[in-house]
>>> print(open('coords27.cif').read())   # mmCIF, C-alpha atoms (C1' of nucleotides)
data_structure
#
loop_
_atom_site.label_atom_id
_atom_site.label_comp_id
_atom_site.auth_asym_id
_atom_site.auth_seq_id
_atom_site.Cartn_x
_atom_site.Cartn_y
_atom_site.Cartn_z
CA MET A 1 9.20 34.28 4.66
CA GLY A 2 9.86 30.61 4.37
CA ARG A 3 8.43 29.32 7.57
CA LEU A 4 5.27 27.32 7.32
CA LYS A 5 2.70 26.37 9.89
CA SER A 6 1.29 22.87 9.82
CA GLY A 7 -1.83 23.81 7.95
CA GLU A 8 0.10 25.72 5.31
CA LEU A 9 2.55 22.93 4.70
CA ALA A 10 -0.24 20.40 4.59
CA LYS A 11 -2.16 22.42 2.06
CA GLN A 12 0.84 23.07 -0.14
CA ALA A 13 1.91 19.47 -0.11
CA GLY A 14 -1.59 18.15 -0.58
CA VAL A 15 -1.88 16.12 2.58
CA ASN A 16 -3.87 16.18 5.76
CA VAL A 17 -2.43 18.02 8.75
CA GLU A 18 -2.62 14.85 10.79
CA THR A 19 -0.44 13.13 8.25
CA LEU A 20 2.38 15.49 9.09
CA ARG A 21 2.25 14.56 12.72
CA PHE A 22 2.04 10.94 11.73
CA TYR A 23 5.17 11.19 9.57
CA GLU A 24 6.94 13.02 12.31
CA ARG A 25 6.18 10.25 14.78
CA LYS A 26 7.43 7.73 12.22
CA GLY A 27 10.65 9.62 11.83
CA LEU A 28 10.10 10.40 8.16
CA LEU A 29 9.68 14.06 8.75
CA PRO A 30 12.32 15.63 10.99
CA GLU A 31 10.94 17.43 14.01
CA PRO A 32 10.70 21.07 13.03
CA PRO A 33 11.57 23.92 15.35
CA ARG A 34 8.74 25.31 17.46
CA ARG A 35 7.89 28.80 18.43
CA GLU A 36 7.18 29.75 22.02
CA SER A 37 3.65 28.57 21.84
CA GLY A 38 4.63 25.11 20.68
CA TYR A 39 3.49 25.75 17.11
CA ARG A 40 5.64 23.98 14.53
CA GLU A 41 7.50 26.05 11.98
CA TYR A 42 8.47 24.10 8.92
CA PRO A 43 11.12 25.22 6.47
CA GLU A 44 9.81 25.67 2.97
CA GLU A 45 11.63 22.64 1.57
CA SER A 46 9.41 20.41 3.63
CA VAL A 47 6.91 20.74 0.83
CA ARG A 48 9.29 18.90 -1.50
CA LEU A 49 9.93 16.27 1.08
CA ILE A 50 6.28 15.49 1.66
CA ARG A 51 5.59 15.40 -2.04
CA PHE A 52 8.48 13.05 -2.56
CA ILE A 53 7.13 10.74 0.10
CA LYS A 54 3.69 10.69 -1.46
CA ARG A 55 5.03 10.06 -4.91
CA ALA A 56 7.41 7.37 -3.76
CA GLN A 57 4.47 5.62 -2.19
CA GLU A 58 2.70 5.65 -5.52
CA LEU A 59 5.78 4.01 -6.95
CA GLY A 60 5.38 1.14 -4.56
CA PHE A 61 7.74 2.06 -1.75
CA SER A 62 6.62 1.56 1.82
CA LEU A 63 7.23 4.29 4.35
CA GLY A 64 10.07 2.19 5.71
CA GLU A 65 11.73 1.98 2.33
CA ILE A 66 11.22 5.67 1.75
CA GLN A 67 12.91 6.38 5.02
CA GLU A 68 15.88 4.34 3.85
CA LEU A 69 15.97 6.20 0.56
CA LEU A 70 15.93 9.51 2.33
CA ALA A 71 18.67 8.40 4.68
CA LEU A 72 21.06 7.66 1.83
CA ARG A 73 23.92 10.05 1.81
CA VAL A 74 27.66 10.21 2.04
CA ARG A 75 28.55 11.03 5.60
CA PRO A 76 31.87 11.73 7.24
CA GLY A 77 32.47 8.39 8.86
CA THR A 78 31.18 6.28 6.03
CA THR A 79 33.31 4.19 3.74
CA CYS A 80 32.92 4.47 0.04
CA ALA A 81 32.07 0.79 -0.16
CA GLU A 82 29.25 1.18 2.28
CA VAL A 83 27.61 3.99 0.40
CA ARG A 84 27.93 2.07 -2.82
CA GLY A 85 26.45 -0.96 -1.15
CA ARG A 86 23.41 0.69 0.28
CA THR A 87 22.84 2.74 -2.82
CA GLY A 88 23.40 -0.19 -5.12
CA ARG A 89 20.70 -2.28 -3.54
CA LYS A 90 18.16 0.48 -3.95
CA LEU A 91 19.32 1.05 -7.47
CA ALA A 92 18.76 -2.57 -8.44
CA ASP A 93 15.30 -2.38 -6.98
CA VAL A 94 14.48 0.80 -8.86
CA ARG A 95 15.81 -0.56 -12.12
CA GLN A 96 13.75 -3.70 -11.80
CA LYS A 97 10.67 -1.60 -11.26
CA ILE A 98 11.43 0.40 -14.35
CA ALA A 99 11.91 -2.77 -16.37
CA ASP A 100 8.64 -4.23 -15.15
CA LEU A 101 6.74 -1.04 -15.81
CA LYS A 102 8.18 -0.99 -19.31
CA ALA A 103 6.85 -4.48 -19.86
CA ILE A 104 3.43 -3.24 -18.84
CA GLU A 105 3.86 -0.23 -21.05
CA ARG A 106 4.61 -2.47 -24.02
CA ALA A 107 1.58 -4.58 -23.29
CA LEU A 108 -0.68 -1.55 -23.11
CA THR A 109 0.76 -0.07 -26.27
CA LYS A 110 0.22 -3.30 -28.09
CA LEU A 111 -3.32 -3.44 -26.83
CA ALA A 112 -4.09 0.05 -28.03
CA ALA A 113 -2.61 -0.81 -31.40
CA SER A 114 -4.45 -4.10 -31.71
CA CYS A 115 -7.61 -2.11 -31.39
CA SER A 116 -7.86 -1.02 -34.98
CA GLY A 117 -6.87 -4.57 -35.84
CA ARG A 118 -9.08 -7.46 -36.85
CA GLY A 119 -10.55 -9.75 -34.23
CA PRO A 120 -11.71 -9.00 -30.73
CA VAL A 121 -9.29 -9.98 -28.02
CA ASN A 122 -11.10 -11.85 -25.35
CA HIS A 123 -8.42 -13.37 -23.25
CA CYS A 124 -6.50 -10.96 -21.06
CA PRO A 125 -3.94 -9.23 -23.23
CA ILE A 126 -2.11 -7.59 -20.37
CA LEU A 127 -1.19 -10.93 -18.99
CA GLU A 128 -0.59 -12.46 -22.43
CA ASN A 129 1.72 -9.77 -23.62
CA LEU A 130 3.65 -9.79 -20.42
CA ASP A 131 4.40 -13.45 -20.85
CA GLY A 132 7.68 -14.18 -19.18
CA GLU A 133 8.62 -10.53 -19.06
CA LEU A 134 7.74 -9.59 -15.55
CA SER A 135 10.16 -10.46 -12.84
CA SER A 136 7.81 -12.85 -11.18
CA GLY A 137 9.07 -14.20 -7.97
CA PRO A 138 10.65 -12.25 -5.19
CA LYS A 139 14.39 -12.67 -5.56
CA SER A 140 15.03 -11.17 -2.19
CA PRO A 141 12.36 -11.64 0.43
CA ARG A 142 10.57 -8.34 0.45
CA ASP A 143 10.81 -6.49 3.67
CA ARG A 144 7.54 -4.71 3.61
CA GLY A 145 6.22 -6.20 6.78
CA ARG A 146 8.84 -5.29 9.25
CA THR A 147 8.15 -3.93 12.65
CA MET B 1 -0.75 -31.84 -14.49
CA GLY B 2 -2.56 -28.60 -15.26
CA ARG B 3 -5.03 -28.43 -12.41
CA LEU B 4 -3.96 -26.99 -9.13
CA LYS B 5 -5.49 -27.16 -5.71
CA SER B 6 -5.47 -24.04 -3.57
CA GLY B 7 -2.43 -25.03 -1.61
CA GLU B 8 -0.44 -25.85 -4.72
CA LEU B 9 -1.32 -22.61 -6.45
CA ALA B 10 -0.57 -20.65 -3.31
CA LYS B 11 2.82 -22.26 -2.94
CA GLN B 12 3.76 -21.83 -6.58
CA ALA B 13 2.69 -18.22 -6.62
CA GLY B 14 4.23 -17.45 -3.28
CA VAL B 15 1.13 -16.33 -1.43
CA ASN B 16 -0.97 -17.51 1.44
CA VAL B 17 -3.91 -19.79 0.68
CA GLU B 18 -6.24 -17.32 2.31
CA THR B 19 -5.06 -14.67 -0.06
CA LEU B 20 -6.50 -16.65 -2.95
CA ARG B 21 -9.93 -16.70 -1.38
CA PHE B 22 -9.54 -13.03 -0.61
CA TYR B 23 -8.74 -12.19 -4.23
CA GLU B 24 -11.61 -14.33 -5.37
CA ARG B 25 -14.03 -12.43 -3.17
CA LYS B 26 -12.62 -9.17 -4.51
CA GLY B 27 -13.16 -10.35 -8.07
CA LEU B 28 -9.50 -10.26 -8.98
CA LEU B 29 -9.22 -13.96 -9.33
CA PRO B 30 -12.00 -15.55 -11.37
CA GLU B 31 -13.92 -18.27 -9.56
CA PRO B 32 -12.29 -21.52 -10.57
CA PRO B 33 -14.26 -24.68 -11.31
CA ARG B 34 -14.86 -26.99 -8.39
CA ARG B 35 -14.82 -30.72 -8.15
CA GLU B 36 -17.67 -32.66 -6.57
CA SER B 37 -16.33 -32.10 -3.11
CA GLY B 38 -16.26 -28.37 -3.54
CA TYR B 39 -12.48 -28.23 -3.85
CA ARG B 40 -11.25 -25.55 -6.22
CA GLU B 41 -9.27 -26.57 -9.27
CA TYR B 42 -7.20 -23.77 -10.71
CA PRO B 43 -5.80 -23.77 -14.21
CA GLU B 44 -2.05 -23.54 -14.32
CA GLU B 45 -2.00 -20.01 -15.68
CA SER B 46 -3.42 -18.77 -12.41
CA VAL B 47 0.15 -18.81 -11.18
CA ARG B 48 1.02 -16.07 -13.68
CA LEU B 49 -2.02 -14.10 -12.71
CA ILE B 50 -1.25 -14.12 -9.02
CA ARG B 51 2.35 -13.23 -9.61
CA PHE B 52 1.31 -10.37 -11.83
CA ILE B 53 -0.97 -9.07 -9.12
CA LYS B 54 1.77 -9.23 -6.53
CA ARG B 55 4.28 -7.54 -8.76
CA ALA B 56 1.86 -4.84 -9.83
CA GLN B 57 1.29 -4.08 -6.18
CA GLU B 58 4.99 -3.58 -5.73
CA LEU B 59 4.83 -1.11 -8.57
CA GLY B 60 2.33 0.94 -6.65
CA PHE B 61 -0.99 -0.22 -8.06
CA SER B 62 -3.86 -0.85 -5.71
CA LEU B 63 -5.95 -3.96 -6.11
CA GLY B 64 -8.64 -1.82 -7.66
CA GLU B 65 -6.25 -0.46 -10.26
CA ILE B 66 -4.91 -3.93 -10.95
CA GLN B 67 -8.41 -5.12 -11.55
CA GLU B 68 -8.85 -2.38 -14.10
CA LEU B 69 -5.58 -3.29 -15.77
CA LEU B 70 -6.62 -6.91 -15.99
CA ALA B 71 -9.99 -5.96 -17.37
CA LEU B 72 -8.47 -4.10 -20.31
CA ARG B 73 -9.18 -5.90 -23.53
CA VAL B 74 -10.79 -5.44 -26.89
CA ARG B 75 -14.21 -6.97 -26.68
CA PRO B 76 -16.92 -7.50 -29.29
CA GLY B 77 -19.18 -4.62 -28.39
CA THR B 78 -16.45 -2.11 -27.68
CA THR B 79 -15.55 0.82 -29.84
CA CYS B 80 -11.99 1.43 -30.83
CA ALA B 81 -12.11 4.82 -29.21
CA GLU B 82 -13.18 3.36 -25.93
CA VAL B 83 -10.35 0.86 -25.80
CA ARG B 84 -7.88 3.55 -26.69
CA GLY B 85 -9.33 5.77 -24.03
CA ARG B 86 -9.19 3.31 -21.21
CA THR B 87 -5.80 2.04 -22.27
CA GLY B 88 -4.44 5.49 -22.81
CA ARG B 89 -5.17 6.62 -19.31
CA LYS B 90 -3.34 3.66 -17.84
CA LEU B 91 -0.50 4.20 -20.25
CA ALA B 92 -0.02 7.78 -19.16
CA ASP B 93 0.02 6.65 -15.58
CA VAL B 94 2.60 3.94 -16.28
CA ARG B 95 4.82 6.29 -18.26
CA GLN B 96 4.78 8.85 -15.49
CA LYS B 97 5.85 6.19 -13.05
CA ILE B 98 8.70 5.19 -15.31
CA ALA B 99 9.80 8.79 -15.62
CA ASP B 100 9.72 9.33 -11.88
CA LEU B 101 11.62 6.14 -11.20
CA LYS B 102 14.22 7.22 -13.70
CA ALA B 103 14.62 10.46 -11.80
CA ILE B 104 15.24 8.44 -8.67
CA GLU B 105 17.61 6.21 -10.58
CA ARG B 106 19.61 9.24 -11.71
CA ALA B 107 19.77 10.54 -8.17
CA LEU B 108 21.02 7.23 -6.84
CA THR B 109 23.57 6.87 -9.58
CA LYS B 110 24.86 10.31 -8.90
CA LEU B 111 25.07 9.54 -5.22
CA ALA B 112 27.08 6.39 -5.82
CA ALA B 113 29.41 8.32 -8.10
CA SER B 114 29.84 11.23 -5.70
CA CYS B 115 31.10 8.70 -3.24
CA SER B 116 34.62 8.51 -4.51
CA GLY B 117 34.44 12.28 -4.85
CA ARG B 118 35.73 14.91 -2.51
CA GLY B 119 33.57 16.20 0.28
CA PRO B 120 31.01 14.42 2.40
CA VAL B 121 27.42 15.08 1.39
CA ASN B 122 25.39 15.87 4.42
CA HIS B 123 22.17 17.22 3.08
CA CYS B 124 19.82 14.68 1.54
CA PRO B 125 21.03 14.04 -1.98
CA ILE B 126 18.02 12.03 -3.06
CA LEU B 127 15.83 15.02 -2.61
CA GLU B 128 18.44 17.44 -3.92
CA ASN B 129 19.09 15.58 -7.09
CA LEU B 130 15.44 15.10 -7.74
CA ASP B 131 14.91 18.80 -7.62
CA GLY B 132 12.02 19.63 -9.87
CA GLU B 133 12.16 16.31 -11.59
CA LEU B 134 9.47 14.36 -9.85
CA SER B 135 5.94 14.91 -10.89
CA SER B 136 4.92 16.40 -7.62
CA GLY B 137 1.26 17.05 -7.32
CA PRO B 138 -1.55 14.74 -8.22
CA LYS B 139 -2.87 15.83 -11.60
CA SER B 140 -5.91 13.69 -11.33
CA PRO B 141 -7.22 13.04 -7.87
CA ARG B 142 -5.95 9.59 -7.13
CA ASP B 143 -8.68 7.08 -6.73
CA ARG B 144 -7.02 4.77 -4.31
CA GLY B 145 -9.66 5.12 -1.68
CA ARG B 146 -12.71 3.93 -3.48
CA THR B 147 -15.16 1.44 -2.09
"C1'" DC C 1 -10.99 -47.78 7.22
"C1'" DT C 2 -8.23 -44.85 9.80
"C1'" DT C 3 -5.20 -41.03 10.30
"C1'" DG C 4 -3.05 -36.75 9.15
"C1'" DA C 5 -2.76 -33.23 5.84
"C1'" DC C 6 -5.59 -30.48 3.06
"C1'" DT C 7 -9.87 -27.95 1.97
"C1'" DC C 8 -14.18 -25.74 2.75
"C1'" DC C 9 -16.67 -21.52 4.81
"C1'" DG C 10 -17.81 -17.56 7.73
"C1'" DT C 11 -16.02 -14.52 10.78
"C1'" DA C 12 -12.58 -12.28 13.50
"C1'" DC C 13 -8.20 -10.38 13.88
"C1'" DT C 14 -3.84 -7.83 12.24
"C1'" DT C 15 -0.83 -4.30 10.07
"C1'" DA C 16 0.29 -0.17 7.57
"C1'" DG C 17 -1.06 4.07 6.64
"C1'" DA C 18 -3.88 7.60 7.48
"C1'" DT C 19 -7.78 10.38 9.69
"C1'" DA C 20 -10.80 11.84 13.19
"C1'" DC C 21 -12.04 13.52 17.88
"C1'" DG C 22 -12.08 16.47 21.81
"C1'" DG C 23 -10.60 19.57 25.07
"C1'" DA C 24 -7.19 23.19 25.86
"C1'" DC C 25 -4.43 26.75 24.06
"C1'" DT C 26 -2.86 30.47 20.42
"C1'" DG C 27 -2.98 34.04 16.74
"C1'" DT C 28 -5.20 37.58 14.54
"C1'" DA C 29 -8.49 40.56 12.48
"C1'" DA C 30 -12.70 43.02 13.37
"C1'" DT D 1 -11.17 41.88 23.71
"C1'" DT D 2 -13.66 38.89 21.79
"C1'" DA D 3 -14.57 35.53 18.44
"C1'" DC D 4 -13.08 32.10 15.56
"C1'" DA D 5 -9.85 29.59 12.88
"C1'" DG D 6 -5.68 27.23 13.57
"C1'" DT D 7 -2.72 24.40 16.61
"C1'" DC D 8 -1.40 21.38 20.26
"C1'" DC D 9 -1.61 16.41 22.13
"C1'" DG D 10 -3.20 11.74 23.14
"C1'" DT D 11 -6.09 8.42 21.80
"C1'" DA D 12 -9.50 6.28 18.91
"C1'" DT D 13 -11.26 5.09 14.51
"C1'" DC D 14 -10.98 3.95 9.58
"C1'" DT D 15 -9.60 1.55 5.08
"C1'" DA D 16 -6.95 -1.65 2.26
"C1'" DA D 17 -4.93 -5.80 2.19
"C1'" DG D 18 -4.11 -9.65 4.25
"C1'" DT D 19 -4.04 -13.61 7.96
"C1'" DA D 20 -5.83 -16.50 11.35
"C1'" DC D 21 -9.38 -19.45 13.59
"C1'" DG D 22 -12.43 -23.28 14.22
"C1'" DG D 23 -15.45 -26.75 13.09
"C1'" DA D 24 -16.79 -29.77 9.36
"C1'" DG D 25 -15.85 -32.29 5.30
"C1'" DT D 26 -12.22 -34.64 1.87
"C1'" DC D 27 -8.22 -37.09 0.07
"C1'" DA D 28 -4.71 -40.47 -0.15
"C1'" DA D 29 -1.10 -43.37 2.01
"C1'" DG D 30 -0.60 -46.99 4.92
#
>>> encode(input="coords27.cif", output="structure tokens")
Amino acid sequence: MGRLKSGELAKQAGVNVETLRFYERKGLLPEPPRRESGYREYPEESVRLIRFIKRAQELGFSLGEIQELLALRVRPGTTCAEVRGRTGRKLADVRQKIADLKAIERALTKLAASCSGRGPVNHCPILENLDGELSSGPKSPRDRGRT
Amino acid sequence: MGRLKSGELAKQAGVNVETLRFYERKGLLPEPPRRESGYREYPEESVRLIRFIKRAQELGFSLGEIQELLALRVRPGTTCAEVRGRTGRKLADVRQKIADLKAIERALTKLAASCSGRGPVNHCPILENLDGELSSGPKSPRDRGRT
DNA sequence: CTTGACTCCGTACTTAGATACGGACTGTAA
DNA sequence: TTACAGTCCGTATCTAAGTACGGAGTCAAG
């Protein structure tokens, strides 16, 4: 076994069947082989792929960015510099996200701690505690709205 | 200084003027005082607020979730347990995101390193290197689609 | 006191991402 | 061998998040 029909893959990955077709059209999900009838037969690892896509979305990546992430690899005709370049840009992005999330984490931790403390906090502590910590201001123009 | 008109706030925060009205309608941005004419006058800290919202979006939070984050605070009538509860749930969410991003970071780092290595990598290394590391599978049904 | 940029508001449109619909075909278990 | 769930495809619809439009009022520099 190891071949999945659309419905099986969808169920295992926790998405709607239509979403699979949608991803396929978008080029995120490679076109799977078909049987005679035209039915798709997905390899089992597609489950991982779909789950990765869904999770990456929850981490703030657009489908376009996810596609770029998935396309990263060292291929025959590619120079070392190129791979490093493409990878490096993503890496910087990811690291900034981690840093910003950590700032939020600190703020939340502080808030939970301040709870057993004295006075009520009535301003917004998330914002207060993040003061100056979040990378605020798009360094590089975000490319979320490409066609 | 200190009071901003819509256009000024929008420019400083890097968003469209209409977006401010949109956030106001959604309750994300508190209604600012108006002058006689009806013109809005934002306090300077609104810049921080808007930037936080934008950044939080890039970290994968929906406007609804951001609203919840911003609403977190210790208020007079609130029990300690309640604050801890609400904060704790967000905290778990944030920490999971950090962990998942770190997994991606590791994969990218490894990819960059494998570059100067021997053979060309032709399968997708992002997915490979993430094997089993990403929290794949929504523990709690995500609530991104609320009204 | 006019002119051009800015603001107001309600409503309509757009884009990304996903879901639904409907009619025809397929797979399989009773 | 029929019934019924699953699949196919194209197209249409939906939601979240924003953007744009248009007509009326406002502000400030000349």
>>> interface_residues(input="coords27.cif", of="chain D", to="chain B", cutoff="9 Å", atoms="only C-alpha atoms (C1' of nucleotides)", output="PDB file with C-alpha atoms (C1' of nucleotides), keeping the file's coordinate frame")
ATOM      1  C1'  DT D  15      -9.600   1.550   5.080  1.00  0.00           C
ATOM      2  C1'  DA D  16      -6.950  -1.650   2.260  1.00  0.00           C
ATOM      3  C1'  DA D  17      -4.930  -5.800   2.190  1.00  0.00           C
ATOM      4  C1'  DG D  18      -4.110  -9.650   4.250  1.00  0.00           C
ATOM      5  C1'  DT D  19      -4.040 -13.610   7.960  1.00  0.00           C
ATOM      6  C1'  DG D  25     -15.850 -32.290   5.300  1.00  0.00           C
ATOM      7  C1'  DT D  26     -12.220 -34.640   1.870  1.00  0.00           C
TER       8       DT D  26
END
>>> atom_distance(input="coords27.cif", atom1="atom CA of A:Leu111", atom2="atom CA of B:Arg73")
7.2 Å
>>> resolve_selection(input="coords27.cif", expression="the PyMOL selection byres ((chain B and resi 100) around 9)", output="PyMOL selection string")
(chain A and resi 55-56+59) or (chain B and resi 95-99+101-105+133-135)
>>> write_last_selection(input="coords27.cif", atoms="C-alpha atoms", output="PDB file, keeping the file's coordinate frame")
ATOM      1  CA  ARG A  55       5.030  10.060  -4.910  1.00  0.00           C
ATOM      2  CA  ALA A  56       7.410   7.370  -3.760  1.00  0.00           C
ATOM      3  CA  LEU A  59       5.780   4.010  -6.950  1.00  0.00           C
TER       4      LEU A  59
ATOM      5  CA  ARG B  95       4.820   6.290 -18.260  1.00  0.00           C
ATOM      6  CA  GLN B  96       4.780   8.850 -15.490  1.00  0.00           C
ATOM      7  CA  LYS B  97       5.850   6.190 -13.050  1.00  0.00           C
ATOM      8  CA  ILE B  98       8.700   5.190 -15.310  1.00  0.00           C
ATOM      9  CA  ALA B  99       9.800   8.790 -15.620  1.00  0.00           C
ATOM     10  CA  LEU B 101      11.620   6.140 -11.200  1.00  0.00           C
ATOM     11  CA  LYS B 102      14.220   7.220 -13.700  1.00  0.00           C
ATOM     12  CA  ALA B 103      14.620  10.460 -11.800  1.00  0.00           C
ATOM     13  CA  ILE B 104      15.240   8.440  -8.670  1.00  0.00           C
ATOM     14  CA  GLU B 105      17.610   6.210 -10.580  1.00  0.00           C
ATOM     15  CA  GLU B 133      12.160  16.310 -11.590  1.00  0.00           C
ATOM     16  CA  LEU B 134       9.470  14.360  -9.850  1.00  0.00           C
ATOM     17  CA  SER B 135       5.940  14.910 -10.890  1.00  0.00           C
TER      18      SER B 135
END
>>> interface_residues(input="coords27.cif", of="chain B", to="chain A", cutoff="8 Å", atoms="all atoms listed in the file", output="VMD selection string")
chain B and resid 13 to 14 48 to 49 51 to 52 55 57 to 61 69 to 76 80 83 to 84 87 to 88 90 to 91 94 to 95 97 to 98 101 to 102 104 to 105 108 to 109 111 to 112 115 to 116 120 to 127 134 to 137
>>> resolve_selection(input="coords27.cif", expression="the PyMOL selection byres ((chain C) within 10 of (chain B))", output="PDB file with C-alpha atoms (C1' of nucleotides), in the coordinates of the input")
ATOM      1  C1'  DC C   6      -5.590 -30.480   3.060  1.00  0.00           C
ATOM      2  C1'  DT C   7      -9.870 -27.950   1.970  1.00  0.00           C
ATOM      3  C1'  DC C   8     -14.180 -25.740   2.750  1.00  0.00           C
TER       4       DC C   8
END
>>> atom_distance(input="coords27.cif", atom1="atom C1' of C:DC21", atom2="atom CA of A:Leu28")
24.4 Å
>>> atom_distance(input="coords27.cif", atom1="atom CA of A:Lys26", atom2="atom C1' of D:DT11")
16.6 Å
>>> axis_aligned_box(input="coords27.cif", around="stretch 32-51 of chain B", padding_each_side="6 Å", output="AutoDock Vina command-line options")
--center_x -7.7 --center_y -22.9 --center_z -9.4 --size_x 32.0 --size_y 31.4 --size_z 24.6
>>> resolve_selection(input="coords27.cif", expression="the PyMOL selection byres ((chain A and resi 41) around 10)", output="PDB file with C-alpha atoms, in the frame of the given file")
ATOM      1  CA  GLY A   2       9.860  30.610   4.370  1.00  0.00           C
ATOM      2  CA  ARG A   3       8.430  29.320   7.570  1.00  0.00           C
ATOM      3  CA  LEU A   4       5.270  27.320   7.320  1.00  0.00           C
ATOM      4  CA  LYS A   5       2.700  26.370   9.890  1.00  0.00           C
ATOM      5  CA  SER A   6       1.290  22.870   9.820  1.00  0.00           C
ATOM      6  CA  GLU A   8       0.100  25.720   5.310  1.00  0.00           C
ATOM      7  CA  LEU A   9       2.550  22.930   4.700  1.00  0.00           C
ATOM      8  CA  GLU A  31      10.940  17.430  14.010  1.00  0.00           C
ATOM      9  CA  PRO A  32      10.700  21.070  13.030  1.00  0.00           C
ATOM     10  CA  PRO A  33      11.570  23.920  15.350  1.00  0.00           C
ATOM     11  CA  ARG A  34       8.740  25.310  17.460  1.00  0.00           C
ATOM     12  CA  ARG A  35       7.890  28.800  18.430  1.00  0.00           C
ATOM     13  CA  GLY A  38       4.630  25.110  20.680  1.00  0.00           C
ATOM     14  CA  TYR A  39       3.490  25.750  17.110  1.00  0.00           C
ATOM     15  CA  ARG A  40       5.640  23.980  14.530  1.00  0.00           C
ATOM     16  CA  TYR A  42       8.470  24.100   8.920  1.00  0.00           C
ATOM     17  CA  PRO A  43      11.120  25.220   6.470  1.00  0.00           C
ATOM     18  CA  GLU A  44       9.810  25.670   2.970  1.00  0.00           C
TER      19      GLU A  44
END
>>> closest_residue(input="coords27.cif", among="D:DC21, D:DT1, D:DA12, D:DG6", to="C:DC13", atoms="only C-alpha atoms (C1' of nucleotides)")
D:DC21
